[in-house]
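The data block below is target.txt; it holds compact mmCIF, C-alpha atoms.
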```txt
# COMPACT_ATOMS: atom_id res chain seq x y z
CA MET O 1021 13.48 27.19 9.21
CA SER O 1022 11.37 30.28 8.82
CA HIS O 1023 7.72 30.66 9.62
CA LYS O 1024 7.02 30.57 5.87
CA LYS O 1025 7.96 26.88 5.84
CA LEU O 1026 5.73 26.30 8.83
CA TRP O 1027 2.81 27.91 7.00
CA LEU O 1028 3.56 25.70 4.00
CA ILE O 1029 3.68 22.51 6.11
CA LEU O 1030 0.40 23.37 7.83
CA SER O 1031 -1.26 24.27 4.52
CA VAL O 1032 -0.25 20.98 2.91
CA LEU O 1033 -1.47 19.00 5.94
CA PHE O 1034 -4.71 20.99 5.92
CA LEU O 1035 -5.34 20.06 2.30
CA LEU O 1036 -4.43 16.41 2.90
CA GLU O 1037 -6.81 16.13 5.86
CA GLY O 1038 -9.84 16.85 3.75
CA THR O 1039 -8.89 15.41 0.38
CA LEU O 1040 -6.66 12.35 0.48
CA LEU O 1041 -6.84 10.99 4.04
CA PRO O 1042 -10.60 10.18 4.12
CA TRP O 1043 -9.98 7.71 1.26
CA LEU O 1044 -7.25 5.91 3.20
CA VAL O 1045 -9.55 4.76 6.00
CA PRO O 1046 -10.66 1.16 5.25
CA VAL O 1047 -14.32 0.73 4.30
CA ALA O 1048 -14.84 -1.89 7.03
CA TRP O 1049 -13.90 0.69 9.69
CA GLN O 1050 -16.27 3.34 8.40
CA SER O 1051 -19.38 1.53 9.63
CA LYS O 1052 -18.00 0.96 13.15
CA VAL O 1053 -15.77 3.94 13.91
CA GLN O 1054 -15.25 7.42 12.57
CA VAL O 1055 -11.58 8.27 12.26
CA ASP O 1056 -10.84 11.96 11.80
CA PRO O 1057 -7.15 12.71 11.39
CA HIS O 1058 -6.34 16.11 12.92
CA PHE O 1059 -2.79 16.43 11.65
CA VAL O 1060 -2.90 20.24 11.69
CA LEU O 1061 -3.90 20.06 15.35
CA VAL O 1062 -0.93 17.80 16.06
CA ILE O 1063 1.43 20.37 14.51
CA VAL O 1064 -0.29 23.19 16.43
CA LEU O 1065 0.25 21.24 19.66
CA PHE O 1066 3.91 20.74 18.74
CA ILE O 1067 4.16 24.49 18.08
CA GLY O 1068 2.75 25.13 21.54
CA LEU O 1069 5.19 22.71 23.13
CA TYR O 1070 8.35 23.76 21.32
CA ILE O 1071 7.91 27.34 20.08
CA ASN O 1072 5.42 29.54 21.90
CA ARG O 1073 1.85 29.43 23.19
CA HIS O 1074 0.86 32.64 21.42
CA THR O 1075 2.16 31.36 18.10
CA ALA O 1076 0.21 28.12 18.62
CA LEU O 1077 -2.90 30.14 19.41
CA VAL O 1078 -2.60 32.14 16.19
CA TYR O 1079 -1.96 29.08 14.01
CA GLY O 1080 -4.81 27.23 15.73
CA LEU O 1081 -7.26 30.09 15.23
CA VAL O 1082 -6.31 30.60 11.57
CA PHE O 1083 -6.37 26.96 10.51
CA GLY O 1084 -9.37 26.22 12.72
CA MET O 1085 -11.33 29.00 11.04
CA LEU O 1086 -10.28 27.65 7.65
CA HIS O 1087 -11.51 24.26 8.80
CA ASP O 1088 -14.83 25.80 9.88
CA PHE O 1089 -15.28 27.54 6.52
CA ILE O 1090 -14.14 24.81 4.17
CA TYR O 1091 -14.78 21.35 5.57
CA HIS O 1092 -17.56 20.28 7.83
CA SER O 1093 -18.63 22.61 10.59
CA PRO O 1094 -22.33 23.50 10.84
CA MET O 1095 -21.32 26.56 12.89
CA LEU O 1096 -18.50 29.02 12.51
CA GLY O 1097 -16.03 29.05 15.35
CA PRO O 1098 -16.04 25.76 17.29
CA VAL O 1099 -13.09 24.20 15.47
CA SER O 1100 -11.19 27.48 15.59
CA PHE O 1101 -11.90 27.85 19.30
CA GLY O 1102 -10.96 24.25 20.10
CA MET O 1103 -7.77 24.21 18.05
CA GLY O 1104 -6.58 27.60 19.28
CA LEU O 1105 -7.28 26.82 22.92
CA ALA O 1106 -5.68 23.36 22.72
CA GLY O 1107 -2.51 24.89 21.22
CA TYR O 1108 -2.45 27.63 23.84
CA LEU O 1109 -2.88 25.16 26.72
CA ALA O 1110 -0.12 22.95 25.30
CA GLY O 1111 2.07 26.04 25.08
CA MET O 1112 1.51 26.80 28.74
CA LEU O 1113 3.48 23.65 29.53
CA GLN O 1114 6.51 24.87 27.59
CA GLY O 1115 9.44 25.21 29.95
CA ARG O 1116 7.45 24.01 32.94
CA ILE O 1117 7.96 20.31 32.33
CA TYR O 1118 10.86 18.31 30.99
CA SER O 1119 10.47 17.88 27.25
CA SER O 1120 10.71 14.25 26.20
CA ILE O 1121 8.96 12.08 23.67
CA VAL O 1122 6.74 10.51 26.35
CA ILE O 1123 5.62 13.86 27.74
CA SER O 1124 5.05 15.19 24.22
CA MET O 1125 2.86 12.21 23.31
CA ILE O 1126 0.86 12.56 26.53
CA VAL O 1127 0.29 16.26 25.86
CA ILE O 1128 -0.69 15.59 22.25
CA GLY O 1129 -3.07 12.80 23.27
CA LEU O 1130 -4.70 14.96 25.93
CA GLY O 1131 -4.79 17.91 23.51
CA ASN O 1132 -6.64 15.78 20.95
CA LEU O 1133 -9.12 14.61 23.56
CA PHE O 1134 -9.62 18.18 24.78
CA TYR O 1135 -10.17 19.39 21.21
CA ASP O 1136 -12.73 16.69 20.40
CA THR O 1137 -14.48 17.16 23.75
CA ALA O 1138 -14.68 20.94 23.30
CA ILE O 1139 -16.19 20.58 19.84
CA TYR O 1140 -18.64 17.93 21.06
CA GLY O 1141 -19.59 20.13 24.03
CA LEU O 1142 -20.23 23.16 21.83
CA PHE O 1143 -22.25 21.10 19.35
CA ARG O 1144 -24.24 19.59 22.20
CA LEU O 1145 -24.76 23.02 23.83
CA PHE O 1146 -26.19 24.51 20.64
CA ARG O 1147 -28.13 21.31 19.86
CA VAL O 1148 -26.31 20.47 16.66
CA THR O 1149 -25.83 16.87 17.82
CA HIS O 1150 -27.83 14.58 20.06
CA THR O 1151 -25.37 11.68 20.23
CA ASN O 1152 -24.33 10.30 23.62
CA LEU O 1153 -20.89 11.21 24.92
CA GLU O 1154 -20.10 7.54 25.58
CA TRP O 1155 -20.69 6.56 21.96
CA VAL O 1156 -18.76 9.55 20.62
CA PHE O 1157 -15.87 8.85 22.98
CA LEU O 1158 -15.56 5.18 22.01
CA HIS O 1159 -16.31 5.43 18.29
CA GLN O 1160 -14.88 8.82 17.32
CA MET O 1161 -12.56 10.35 19.92
CA LEU O 1162 -10.41 7.33 20.83
CA PRO O 1163 -9.81 6.09 17.24
CA SER O 1164 -8.99 9.62 16.10
CA MET O 1165 -6.63 10.12 19.04
CA LEU O 1166 -4.80 6.88 18.23
CA ILE O 1167 -4.33 7.84 14.57
CA ASN O 1168 -3.13 11.29 15.58
CA LEU O 1169 -0.71 9.83 18.13
CA LEU O 1170 0.73 7.50 15.49
CA PHE O 1171 1.22 10.49 13.21
CA ALA O 1172 2.79 12.52 16.03
CA LEU O 1173 5.14 9.66 16.85
CA ALA O 1174 6.16 9.32 13.20
CA ILE O 1175 7.04 13.01 12.82
CA TYR O 1176 8.43 13.68 16.32
CA VAL O 1177 12.13 13.73 15.45
CA PRO O 1178 11.89 15.72 12.17
CA ILE O 1179 9.48 18.29 13.58
CA ARG O 1180 11.52 18.80 16.74
CA LYS O 1181 14.66 19.37 14.65
CA LEU O 1182 12.76 21.86 12.50
CA PHE O 1183 11.50 23.75 15.53
CA GLU O 1184 14.93 23.82 17.15
CA SER O 1185 16.36 25.39 14.00
CA LEU O 1186 13.92 28.32 14.22
CA PRO O 1187 15.50 31.64 15.14
CA VAL O 1188 14.38 32.73 18.62
CA LYS O 1189 13.43 36.38 19.07
CA GLN O 1190 14.41 38.34 22.15
CA THR O 1191 10.75 38.94 23.13
CA GLU O 1192 10.01 35.22 23.06
CA GLU O 1193 13.03 34.49 25.25
CA MET O 1194 11.64 36.80 27.93
CA GLU O 1195 8.44 34.73 28.31
```

Mind converting the file's structure to structure tokens?
Amino acid sequence: MSHKKLWLILSVLFLLEGTLLPWLVPVAWQSKVQVDPHFVLVIVLFIGLYINRHTALVYGLVFGMLHDFIYHSPMLGPVSFGMGLAGYLAGMLQGRIYSSIVISMIVIGLGNLFYDTAIYGLFRLFRVTHTNLEWVFLHQMLPSMLINLLFALAIYVPIRKLFESLPVKQTEEME
């Protein structure tokens, strides 16, 4: 698999996040919880875990900035910052811990929580939102994390096989 296919996968998921997936959330849930699927973030975290932290940082910054421009951000930069940093931090664990499905799901869950907390913190710092952290945690962060973990679990085997088929460069082996 080349990086062109990875760009294509991330682009398709990026388009699905904002167009088709909001319609799939049941109407009864929309009054009680806010589910935001971050499927691009899940792939960026997988990139950090299985390819390279610098590659995850670049993909996170690019698709985060696209997210800031196109979808919902009242400021430019928070989504890009959160996604890039979450991918980079997940990439720091590459090679330091044993890679299994349980560890991957824990890292992806914590990466999602870190991403949502970073965005909430930046919005709260610049007074874009005045919502309590408790309410946001229970009604937005946890439901979104569960949906993202289900997605990550569903694509774990195919995405790991795709990443293992990537050619490894000599400079990346030295890290």

* To do: Give the answer as one residue: which of O:Tyr1135, O:Phe1146, O:Tyr1079, O:Tyr1118 has the shortest atom-to-atom distance to Pro1094 of chain O, using all atoms listed in the file?
  =>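 Nearest candidate to Pro1094 of chain O out of O:Tyr1135, O:Phe1146, O:Tyr1079, O:Tyr1118: O:Phe1146.
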
* Please identify all polymer residues within 9 Å of Ala1138 of chain O, counting all atoms listed in the file, omitting same-chain residues fewer than 5 positions from it, and present them as number ranges by chain. => O: 1098-1099, 1101-1102, 1133, 1143

* **Atom-to-atom span, atom CA of Leu1028 of chain O and atom CA of Ile1067 of chain O, Å** => 14.1 Å

* Residues within 12 Å of Gly1038 of chain O, all atoms listed in the file, excluding chain neighbours under 3 positions, as a PyMOL selection string -> chain O and resi 1031-1035+1041-1044+1056-1060+1086-1088+1090-1092

* To do: Give the answer as one residue: which of O:Met1085, O:Leu1109, O:Ala1048, O:Val1122 has the shortest atom-to-atom distance to Phe1134 of chain O, using only C-alpha atoms?
  =>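 Checking each of O:Met1085, O:Leu1109, O:Ala1048, O:Val1122 against Phe1134 of chain O, counting only C-alpha atoms, the winner is O:Leu1109.
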
* Using all atoms listed in the file, pick whichever of O:Leu1169, O:Met1103, O:Leu1069, O:Leu1145 has the shortest atom-to-atom distance to Phe1083 of chain O. =>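 Between O:Leu1169, O:Met1103, O:Leu1069, O:Leu1145, the residue approaching Phe1083 of chain O most closely is O:Met1103.
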
* To do: Using only C-alpha atoms, determine which residues lie at most 7 Å from Ala1172 of chain O, disregarding the query and same-chain residues fewer than 4 positions distant; provide the list as a ChimeraX atom specification.
  => /O:1062,1168,1176

* **Gap from atom CA of Tyr1108 of chain O to atom CA of Ser1124 of chain O - Å, one decimal** => 14.5 Å

* Asked: Which distance in Å separates atom CA of Gly1104 of chain O and atom CA of Gly1084 of chain O, to one decimal?
  ->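 Taking atom CA of Gly1104 of chain O and atom CA of Gly1084 of chain O, their separation equals 7.3 Å.
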
* **Using only C-alpha atoms: which of O:Val1177, O:Leu1040, O:Leu1026, O:Ile1071 has the shortest distance to Ser1120 of chain O** =>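 The shortest atom-to-atom distance to Ser1120 of chain O comes from O:Val1177.
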
Taking N, CA, C and O atoms as the atom set, what does segment 1171-1182 of chain O look like once completed, written as a PDB file, keeping the file's coordinate frame?
```pdb
ATOM      1  N   PHE O1171       0.647   9.459  14.058  1.00  0.00           N
ATOM      2  CA  PHE O1171       1.220  10.490  13.210  1.00  0.00           C
ATOM      3  C   PHE O1171       2.233  11.328  13.982  1.00  0.00           C
ATOM      4  O   PHE O1171       3.327  11.620  13.485  1.00  0.00           O
ATOM      5  N   ALA O1172       1.889  11.710  15.210  1.00  0.00           N
ATOM      6  CA  ALA O1172       2.790  12.520  16.030  1.00  0.00           C
ATOM      7  C   ALA O1172       4.080  11.767  16.329  1.00  0.00           C
ATOM      8  O   ALA O1172       5.169  12.349  16.328  1.00  0.00           O
ATOM      9  N   LEU O1173       3.968  10.482  16.581  1.00  0.00           N
ATOM     10  CA  LEU O1173       5.140   9.660  16.850  1.00  0.00           C
ATOM     11  C   LEU O1173       6.029   9.550  15.610  1.00  0.00           C
ATOM     12  O   LEU O1173       7.256   9.585  15.705  1.00  0.00           O
ATOM     13  N   ALA O1174       5.399   9.449  14.451  1.00  0.00           N
ATOM     14  CA  ALA O1174       6.160   9.320  13.200  1.00  0.00           C
ATOM     15  C   ALA O1174       6.927  10.594  12.857  1.00  0.00           C
ATOM     16  O   ALA O1174       8.010  10.528  12.270  1.00  0.00           O
ATOM     17  N   ILE O1175       6.378  11.752  13.211  1.00  0.00           N
ATOM     18  CA  ILE O1175       7.040  13.010  12.820  1.00  0.00           C
ATOM     19  C   ILE O1175       7.764  13.679  13.985  1.00  0.00           C
ATOM     20  O   ILE O1175       8.259  14.798  13.830  1.00  0.00           O
ATOM     21  N   TYR O1176       7.860  13.036  15.132  1.00  0.00           N
ATOM     22  CA  TYR O1176       8.430  13.680  16.320  1.00  0.00           C
ATOM     23  C   TYR O1176       9.856  14.188  16.083  1.00  0.00           C
ATOM     24  O   TYR O1176      10.151  15.357  16.341  1.00  0.00           O
ATOM     25  N   VAL O1177      10.729  13.336  15.613  1.00  0.00           N
ATOM     26  CA  VAL O1177      12.130  13.730  15.450  1.00  0.00           C
ATOM     27  C   VAL O1177      12.290  14.809  14.371  1.00  0.00           C
ATOM     28  O   VAL O1177      12.935  15.840  14.627  1.00  0.00           O
ATOM     29  N   PRO O1178      11.706  14.655  13.169  1.00  0.00           N
ATOM     30  CA  PRO O1178      11.890  15.720  12.170  1.00  0.00           C
ATOM     31  C   PRO O1178      11.295  17.059  12.597  1.00  0.00           C
ATOM     32  O   PRO O1178      11.904  18.104  12.377  1.00  0.00           O
ATOM     33  N   ILE O1179      10.114  17.019  13.225  1.00  0.00           N
ATOM     34  CA  ILE O1179       9.480  18.290  13.580  1.00  0.00           C
ATOM     35  C   ILE O1179      10.217  18.969  14.717  1.00  0.00           C
ATOM     36  O   ILE O1179      10.331  20.196  14.752  1.00  0.00           O
ATOM     37  N   ARG O1180      10.762  18.204  15.643  1.00  0.00           N
ATOM     38  CA  ARG O1180      11.520  18.800  16.740  1.00  0.00           C
ATOM     39  C   ARG O1180      12.804  19.440  16.206  1.00  0.00           C
ATOM     40  O   ARG O1180      13.181  20.530  16.630  1.00  0.00           O
ATOM     41  N   LYS O1181      13.465  18.783  15.254  1.00  0.00           N
ATOM     42  CA  LYS O1181      14.660  19.370  14.650  1.00  0.00           C
ATOM     43  C   LYS O1181      14.316  20.647  13.892  1.00  0.00           C
ATOM     44  O   LYS O1181      15.085  21.617  13.928  1.00  0.00           O
ATOM     45  N   LEU O1182      13.179  20.655  13.208  1.00  0.00           N
ATOM     46  CA  LEU O1182      12.760  21.860  12.500  1.00  0.00           C
ATOM     47  C   LEU O1182      12.479  23.003  13.465  1.00  0.00           C
ATOM     48  O   LEU O1182      12.867  24.144  13.217  1.00  0.00           O
TER      49      LEU O1182
END
```
